[in-house]
Amino acid sequence: MGKTEQKPEDYIVPLNMNGLQGRMLHMPAPKGKTREILFVYGHHSSLERWFGLMVNMNRYGAVTMPDLPGFGGMDSFYKIGDEASIDNLADYLASFIKMRYKRRRVSIAGMSLGFVIVTRMLQRYPDIAKKIDLCISIAGFAHKDDFTFTKRRMALYLLAARVFSLPVAAGFFRHVCLNPFILRRIYRHTHNAKDKFKGVVDEELQEMLEVEVGLWHNNDVRTYMKTSVEFLTLDNCKKQVDIPVHHVAIDADRYFDNRLVEQHLRIIFKEYSLMATLSLNNHAPSIIADAKAAAPFMPPKLRKLLAKQ
């Protein structure tokens, strides 16, 4: 008999943090592996979207990926009267690490906004930074100047994010703009989606659209918009972190200037090491659920690093 196909639902369990209900994906370590790996996803994400990357990382140790408040279908901070700030997300991540890992060392990897949250957490909790044996950035960033948007587009995005982070406007966005019927017909024509869907047609396009509809509905609108405001005004360079960072960049990243990202990461972290600059068409494709599609995010230098016990 062949090897049974791995499915995300086989590894997902409920997660209750400070009264917020979400989910967590955990894959036990293979025999003989002792590394603990914590992965923090970014904006517009779900546990299922990054499962393929977890399968790849699982070859090197136990992997855990928790939902973030307001993302992946988890309750948002607004449910308990808090706001969806980077600081609050960093505090949540610190609480998760203290609860889950206690005195154990852990390797931590963050994707895009996830790495912003990881950085802020390490800055706010130096005691946790001492427990980190590897800190990995996958298309992470550190400063608002890292974005490649024109000043006009940056201002428009920031204005829209501020408006739709307000309760009434967020409700309108959720029930009107994110209506599946409207989303399926309008989203493909937006600026970012045109790049994301370039060259995609017919059944593949429809599949990607359905994934995008699901991802938009997994995100709490106020959380999505408030965190957008935060990263469009971000400056994570005010405090240093006394550990090295290992960075994976995207060659054709439609969001970030890799040269500026490197400069800012060098300011924050004790050392900077570039694992690879990946030849991908986008910051991250919509559909990366299988291990083969996610494999490029694990370049050889990073695999070699994780293989060390």
# chains A, B, ... in the order shown; residues from 1 in each chain; ligands from 1
>>> residues_around(residues="segment 243-260 of chain A", least_positions_apart="5", cutoff="9 Å", atoms="only C-alpha atoms", output="mmCIF file with N, CA and C atoms, in the first residue's frame")
data_model
loop_
_atom_site.group_PDB
_atom_site.id
_atom_site.type_symbol
_atom_site.label_atom_id
_atom_site.label_comp_id
_atom_site.auth_asym_id
_atom_site.auth_seq_id
_atom_site.Cartn_x
_atom_site.Cartn_y
_atom_site.Cartn_z
ATOM 1 N N ALA A 129 13.285 35.837 23.291
ATOM 2 C CA ALA A 129 14.331 35.858 22.261
ATOM 3 C C ALA A 129 15.482 34.919 22.619
ATOM 4 N N LYS A 130 15.764 34.781 23.906
ATOM 5 C CA LYS A 130 16.847 33.903 24.346
ATOM 6 C C LYS A 130 16.518 32.426 24.100
ATOM 7 N N ILE A 132 14.992 31.331 21.332
ATOM 8 C CA ILE A 132 14.879 31.102 19.892
ATOM 9 C C ILE A 132 16.212 30.607 19.345
ATOM 10 N N ASP A 133 16.230 29.390 18.793
ATOM 11 C CA ASP A 133 17.479 28.870 18.232
ATOM 12 C C ASP A 133 17.632 29.192 16.747
ATOM 13 N N LEU A 134 16.523 29.467 16.060
ATOM 14 C CA LEU A 134 16.565 29.947 14.684
ATOM 15 C C LEU A 134 15.426 30.944 14.485
ATOM 16 N N CYS A 135 15.722 32.067 13.842
ATOM 17 C CA CYS A 135 14.703 33.057 13.513
ATOM 18 C C CYS A 135 14.700 33.216 11.992
ATOM 19 N N ILE A 136 13.576 32.876 11.370
ATOM 20 C CA ILE A 136 13.502 32.799 9.911
ATOM 21 C C ILE A 136 12.443 33.760 9.382
ATOM 22 N N SER A 137 12.837 34.565 8.430
ATOM 23 C CA SER A 137 11.924 35.463 7.731
ATOM 24 C C SER A 137 11.665 34.918 6.336
ATOM 25 N N ILE A 138 10.401 34.718 6.002
ATOM 26 C CA ILE A 138 10.027 34.327 4.641
ATOM 27 C C ILE A 138 9.246 35.493 4.038
ATOM 28 N N ALA A 139 9.904 36.237 3.156
ATOM 29 C CA ALA A 139 9.313 37.435 2.558
ATOM 30 C C ALA A 139 8.854 38.423 3.627
ATOM 31 N N GLY A 140 9.599 38.474 4.737
ATOM 32 C CA GLY A 140 9.262 39.402 5.807
ATOM 33 C C GLY A 140 9.707 40.814 5.482
ATOM 34 N N PHE A 141 9.241 41.753 6.294
ATOM 35 C CA PHE A 141 9.641 43.149 6.124
ATOM 36 C C PHE A 141 9.695 43.808 7.485
ATOM 37 N N HIS A 143 9.694 47.789 7.744
ATOM 38 C CA HIS A 143 9.502 49.246 7.724
ATOM 39 C C HIS A 143 8.565 49.612 6.576
ATOM 40 N N ASP A 145 8.839 51.900 4.524
ATOM 41 C CA ASP A 145 9.587 52.246 3.313
ATOM 42 C C ASP A 145 9.969 51.028 2.481
ATOM 43 N N ASP A 146 9.792 49.832 3.034
ATOM 44 C CA ASP A 146 10.091 48.612 2.277
ATOM 45 C C ASP A 146 9.119 48.408 1.121
ATOM 46 N N PHE A 147 7.920 49.008 1.217
ATOM 47 C CA PHE A 147 6.915 48.827 0.171
ATOM 48 C C PHE A 147 7.332 49.543 -1.117
ATOM 49 N N THR A 148 6.989 48.947 -2.232
ATOM 50 C CA THR A 148 7.325 49.517 -3.542
ATOM 51 C C THR A 148 6.178 50.349 -4.123
ATOM 52 N N PHE A 149 5.099 50.548 -3.373
ATOM 53 C CA PHE A 149 3.977 51.324 -3.874
ATOM 54 C C PHE A 149 4.389 52.771 -4.157
ATOM 55 N N ASN A 192 -4.013 44.492 -7.349
ATOM 56 C CA ASN A 192 -3.194 43.384 -6.857
ATOM 57 C C ASN A 192 -3.578 42.060 -7.503
ATOM 58 N N ASP A 195 -2.071 41.204 -10.990
ATOM 59 C CA ASP A 195 -0.737 40.596 -10.933
ATOM 60 C C ASP A 195 -0.817 39.152 -10.477
ATOM 61 N N LEU A 265 16.445 44.946 8.193
ATOM 62 C CA LEU A 265 16.662 43.758 9.019
ATOM 63 C C LEU A 265 18.050 43.776 9.652
ATOM 64 N N ARG A 266 19.024 44.325 8.942
ATOM 65 C CA ARG A 266 20.379 44.451 9.501
ATOM 66 C C ARG A 266 20.409 45.424 10.681
ATOM 67 N N PHE A 269 18.444 43.145 13.696
ATOM 68 C CA PHE A 269 18.970 41.873 14.185
ATOM 69 C C PHE A 269 20.490 41.866 14.307
ATOM 70 N N LYS A 270 20.961 41.009 15.181
ATOM 71 C CA LYS A 270 22.396 40.895 15.461
ATOM 72 C C LYS A 270 23.182 40.566 14.201
ATOM 73 N N GLU A 271 22.661 39.656 13.391
ATOM 74 C CA GLU A 271 23.278 39.284 12.123
ATOM 75 C C GLU A 271 22.175 39.056 11.094
ATOM 76 N N TYR A 272 22.543 39.189 9.830
ATOM 77 C CA TYR A 272 21.607 38.960 8.725
ATOM 78 C C TYR A 272 22.215 37.957 7.766
ATOM 79 N N SER A 273 21.428 36.941 7.394
ATOM 80 C CA SER A 273 21.893 35.930 6.443
ATOM 81 C C SER A 273 20.810 35.697 5.401
ATOM 82 N N LEU A 274 21.151 35.862 4.130
ATOM 83 C CA LEU A 274 20.200 35.622 3.051
ATOM 84 C C LEU A 274 20.238 34.154 2.667
ATOM 85 N N MET A 275 19.130 33.460 2.863
ATOM 86 C CA MET A 275 19.037 32.051 2.521
ATOM 87 C C MET A 275 18.904 31.852 1.013
ATOM 88 N N ALA A 276 18.119 32.719 0.366
ATOM 89 C CA ALA A 276 17.928 32.642 -1.085
ATOM 90 C C ALA A 276 17.037 33.796 -1.519
ATOM 91 N N THR A 277 17.132 34.152 -2.797
ATOM 92 C CA THR A 277 16.165 35.036 -3.430
ATOM 93 C C THR A 277 15.415 34.184 -4.440
ATOM 94 N N LEU A 278 14.171 33.864 -4.129
ATOM 95 C CA LEU A 278 13.414 32.901 -4.906
ATOM 96 C C LEU A 278 12.889 33.494 -6.216
ATOM 97 N N SER A 279 12.946 32.723 -7.268
ATOM 98 C CA SER A 279 12.439 33.148 -8.577
ATOM 99 C C SER A 279 10.968 32.781 -8.683
ATOM 100 N N LEU A 280 10.127 33.549 -8.007
ATOM 101 C CA LEU A 280 8.676 33.343 -8.037
ATOM 102 C C LEU A 280 8.021 34.568 -8.658
ATOM 103 N N ASN A 281 6.827 34.391 -9.194
ATOM 104 C CA ASN A 281 6.146 35.484 -9.867
ATOM 105 C C ASN A 281 5.451 36.444 -8.917
ATOM 106 N N ASN A 282 5.158 35.987 -7.689
ATOM 107 C CA ASN A 282 4.382 36.785 -6.748
ATOM 108 C C ASN A 282 4.971 36.714 -5.345
ATOM 109 N N HIS A 283 4.487 37.611 -4.505
ATOM 110 C CA HIS A 283 4.836 37.591 -3.092
ATOM 111 C C HIS A 283 4.494 36.236 -2.491
ATOM 112 N N ALA A 284 3.305 35.733 -2.797
ATOM 113 C CA ALA A 284 2.883 34.375 -2.411
ATOM 114 C C ALA A 284 1.652 34.029 -3.221
ATOM 115 N N PHE A 297 9.609 27.669 -1.126
ATOM 116 C CA PHE A 297 9.808 28.521 0.052
ATOM 117 C C PHE A 297 10.826 27.920 1.026
ATOM 118 N N MET A 298 11.293 26.716 0.723
ATOM 119 C CA MET A 298 12.300 26.047 1.552
ATOM 120 C C MET A 298 13.561 25.832 0.710
ATOM 121 N N PRO A 299 14.362 26.877 0.465
ATOM 122 C CA PRO A 299 15.565 26.733 -0.356
ATOM 123 C C PRO A 299 16.595 25.840 0.329
ATOM 124 N N LEU A 302 18.235 26.888 3.659
ATOM 125 C CA LEU A 302 17.339 26.842 4.806
ATOM 126 C C LEU A 302 17.118 25.401 5.257
#
>>> select_by_dssp(residues="segment 67-186 of chain A", states="strand (DSSP E or B)", output="PyMOL selection string")
chain A and resi 106-111+132-138+143+147
>>> write_last_selection(atoms="N, CA and C atoms", output="PDB file, in the first residue's frame")
ATOM      1  N   VAL A 106      12.944  26.908  20.676  1.00  0.00           N
ATOM      2  CA  VAL A 106      12.064  26.814  19.517  1.00  0.00           C
ATOM      3  C   VAL A 106      12.664  27.578  18.339  1.00  0.00           C
ATOM      4  N   SER A 107      12.453  27.049  17.140  1.00  0.00           N
ATOM      5  CA  SER A 107      12.784  27.754  15.905  1.00  0.00           C
ATOM      6  C   SER A 107      11.513  28.453  15.442  1.00  0.00           C
ATOM      7  N   ILE A 108      11.609  29.728  15.081  1.00  0.00           N
ATOM      8  CA  ILE A 108      10.421  30.481  14.715  1.00  0.00           C
ATOM      9  C   ILE A 108      10.565  31.044  13.316  1.00  0.00           C
ATOM     10  N   ALA A 109       9.510  30.901  12.514  1.00  0.00           N
ATOM     11  CA  ALA A 109       9.504  31.408  11.145  1.00  0.00           C
ATOM     12  C   ALA A 109       8.232  32.222  10.941  1.00  0.00           C
ATOM     13  N   GLY A 110       8.377  33.374  10.298  1.00  0.00           N
ATOM     14  CA  GLY A 110       7.224  34.217  10.021  1.00  0.00           C
ATOM     15  C   GLY A 110       7.148  34.562   8.550  1.00  0.00           C
ATOM     16  N   MET A 111       5.940  34.537   8.006  1.00  0.00           N
ATOM     17  CA  MET A 111       5.707  34.878   6.607  1.00  0.00           C
ATOM     18  C   MET A 111       5.140  36.284   6.507  1.00  0.00           C
ATOM     19  N   ILE A 132      14.992  31.331  21.332  1.00  0.00           N
ATOM     20  CA  ILE A 132      14.879  31.102  19.892  1.00  0.00           C
ATOM     21  C   ILE A 132      16.212  30.607  19.345  1.00  0.00           C
ATOM     22  N   ASP A 133      16.230  29.390  18.793  1.00  0.00           N
ATOM     23  CA  ASP A 133      17.479  28.870  18.232  1.00  0.00           C
ATOM     24  C   ASP A 133      17.632  29.192  16.747  1.00  0.00           C
ATOM     25  N   LEU A 134      16.523  29.467  16.060  1.00  0.00           N
ATOM     26  CA  LEU A 134      16.565  29.947  14.684  1.00  0.00           C
ATOM     27  C   LEU A 134      15.426  30.944  14.485  1.00  0.00           C
ATOM     28  N   CYS A 135      15.722  32.067  13.842  1.00  0.00           N
ATOM     29  CA  CYS A 135      14.703  33.057  13.513  1.00  0.00           C
ATOM     30  C   CYS A 135      14.700  33.216  11.992  1.00  0.00           C
ATOM     31  N   ILE A 136      13.576  32.876  11.370  1.00  0.00           N
ATOM     32  CA  ILE A 136      13.502  32.799   9.911  1.00  0.00           C
ATOM     33  C   ILE A 136      12.443  33.760   9.382  1.00  0.00           C
ATOM     34  N   SER A 137      12.837  34.565   8.430  1.00  0.00           N
ATOM     35  CA  SER A 137      11.924  35.463   7.731  1.00  0.00           C
ATOM     36  C   SER A 137      11.665  34.918   6.336  1.00  0.00           C
ATOM     37  N   ILE A 138      10.401  34.718   6.002  1.00  0.00           N
ATOM     38  CA  ILE A 138      10.027  34.327   4.641  1.00  0.00           C
ATOM     39  C   ILE A 138       9.246  35.493   4.038  1.00  0.00           C
ATOM     40  N   HIS A 143       9.694  47.789   7.744  1.00  0.00           N
ATOM     41  CA  HIS A 143       9.502  49.246   7.724  1.00  0.00           C
ATOM     42  C   HIS A 143       8.565  49.612   6.576  1.00  0.00           C
ATOM     43  N   PHE A 147       7.920  49.008   1.217  1.00  0.00           N
ATOM     44  CA  PHE A 147       6.915  48.827   0.171  1.00  0.00           C
ATOM     45  C   PHE A 147       7.332  49.543  -1.117  1.00  0.00           C
TER      46      PHE A 147
END
>>> atom_distance(atom1="atom CA of Ser228 of chain A", atom2="atom CA of Ile97 of chain A")
24.5 Å
>>> closest_residue(among="A:Asn179, A:Asn18, A:Asn236, A:Thr150", to="Ser76 of chain A", atoms="only C-alpha atoms")
A:Asn18
>>> atom_distance(atom1="atom CA of Val221 of chain A", atom2="atom CA of Tyr92 of chain A")
19.0 Å
>>> atom_distance(atom1="atom CA of Arg100 of chain A", atom2="atom CA of Lys301 of chain A")
27.9 Å
>>> select_by_dssp(residues="segment 65-300 of chain A", states="helix (DSSP H, G or I)", output="number ranges by chain")
A: 77-80, 86-101, 113-124, 126-129, 144-146, 151-164, 167-177, 180-189, 191-196, 202-218, 221-232, 258-268, 291-297, 300
>>> closest_residue(among="A:Val168, A:Met17, A:Met99, A:Ile37", to="Asp67 of chain A", atoms="only C-alpha atoms")
A:Met17
>>> closest_residue(among="A:Val241, A:Leu215, A:Ala94, A:Ile12", to="Leu178 of chain A", atoms="only C-alpha atoms")
A:Leu215
